[in-house]
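Worksheet: the structure to be examined is printed underneath.
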Amino acid sequence: MWANAKTYVDRPVSEVVRAVPELKGLTPETSQEGLASLLGHMGQSCIDLLHHTPNLASREVQLTTQRGVSRTSRGEFVPVMSEARSDRQEFGYLLLFRTAEDTTELREYRTDTHGRPIVNTRSQGGQMTVGFVSEWLRLLPGNQAELRFRYLGREEIDGHKTMAIAFSQVPGQVRYPAQFSFDGVLITALFQGIVWVDASDFRLVRMREDLLAPRPDLHLNEMRTTIRFADVHIPKAATTLWLPKEVAIAWEYKGVAVEQRHLYSDFRLYEVHSKIVPQ
């Protein structure tokens with residue numbers, strides 16, 4: 001299934017740029033001499049983000065758009081619905097960290113206006129996605145052995161001078177592959193992607209993930225996730241943190257194309273007074 005996947009790590013840079021529009025301003029560099037050092041700095045930056053971020057609460061807005069599509073012989077999407085269906089929802093969002101036996105676990109929760117956990121809530125189109133904010137954890141040093149990397153070059157993006165790195169998960173090496181449920185069917189997926197790292201301090205600026213290969217056997221032809229990071233001021237902590245501020249997710253399943261944007265704002269410290277038990 002994954003053995004013959006054409007990944008961003010292996011394809012010519014010109015092909016990768018065509019496949020990933022965000023790379024349109026890339027200045028390609030072919031040397032991989034400094035890649036190991038770059039990955040070390042990036043991994044340490046991820047460790048700092050994980051260890052120095054307190055439990056946080058924020059406001060989350062989820063915007064969902066879906067439309068029916070079909071594919072041409074060249075693989076392009078053609079809309080078949082007269083109008084796209086749109087849906088907007090708001091939640092409380094909790095980002096909680098738990099440390100145990102030299103490991104730190106990150107958990108995400110959605111809550112209603114009374115702070116009660118929400119599970120299985122769906123948008124008008126029937127989709128609810130969660131967990132993508134923490135996709136950057138796969139770049140931690142302890143997880144990098146599950147990936148292959150290639151340095152692509154330099155690019156200015158989101159107001160930062162960055163270094164762009166392609167990555168792809170290695171089939172058979174991923175301990176905890178991503179899983180999704182569509183129509184009650186559990187789908188396991190591997191990913192490839194691009195990460196843009198600030199050239200001055202190695203913080204993650206943007207991260208994009210795509211399926212390692214389409215899953216036509218399960219009618220999942222495309223899935224793409226983009227995470228944007230930014231400075232977030234935490235008033236009571238009198239500090240500024242570097243956090244995911246926006247997550248965009250798009251997929252095409254059984255002829256329906258869905259796009260979701262998750263916007264996070266009003267970050268504040270969250271004090272855990274009781275155990276959160278989803279109802």
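Quick note on naming: the chains in the structure tokens go A, B, ... in the order shown, residues restart at 1 in each chain, and ligands are numbered from 1 in order of appearance.
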If you run DSSP on this backbone, which residues of segment 6-251 of chain A come out as alpha helix (DSSP H), and could you give them as a VMD selection string? chain A and resid 13 to 19 35 to 52
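Residues lying within 12 Å of Glu22 of chain A, counting only C-alpha atoms and ignoring same-chain neighbours fewer than 2 positions away, are Val16, Val17, Arg18, Ala19, Val20, Lys24, Gly25, Leu26, Glu155, Glu156, Ile157, Asp158, Ala164, Gly193, Ile194, Val195, Trp196, Arg206, Met207, Arg208 and Thr226 of chain A.
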With only C-alpha atoms as the atoms that count, which of A:Thr225, A:Gln44, A:Thr188, A:Ser86 lies nearest to Thr64 of chain A?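 Of the candidates, the smallest distance to Thr64 of chain A is held by A:Ser86.
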Give me, as a ChimeraX atom specification, all polymer residues having an atom no more than 7 Å from segment 87-92 of chain A, counting only C-alpha atoms and skipping those fewer than 4 positions away in the same chain. /A:58-65,110-113,123-124
I'd like the contact shell of Gln32 of chain A - 10 Å cut-off, only C-alpha atoms, skipping same-chain residues fewer than 3 positions apart - returned as a PyMOL selection string. chain A and resi 29+35-36+38+149-153
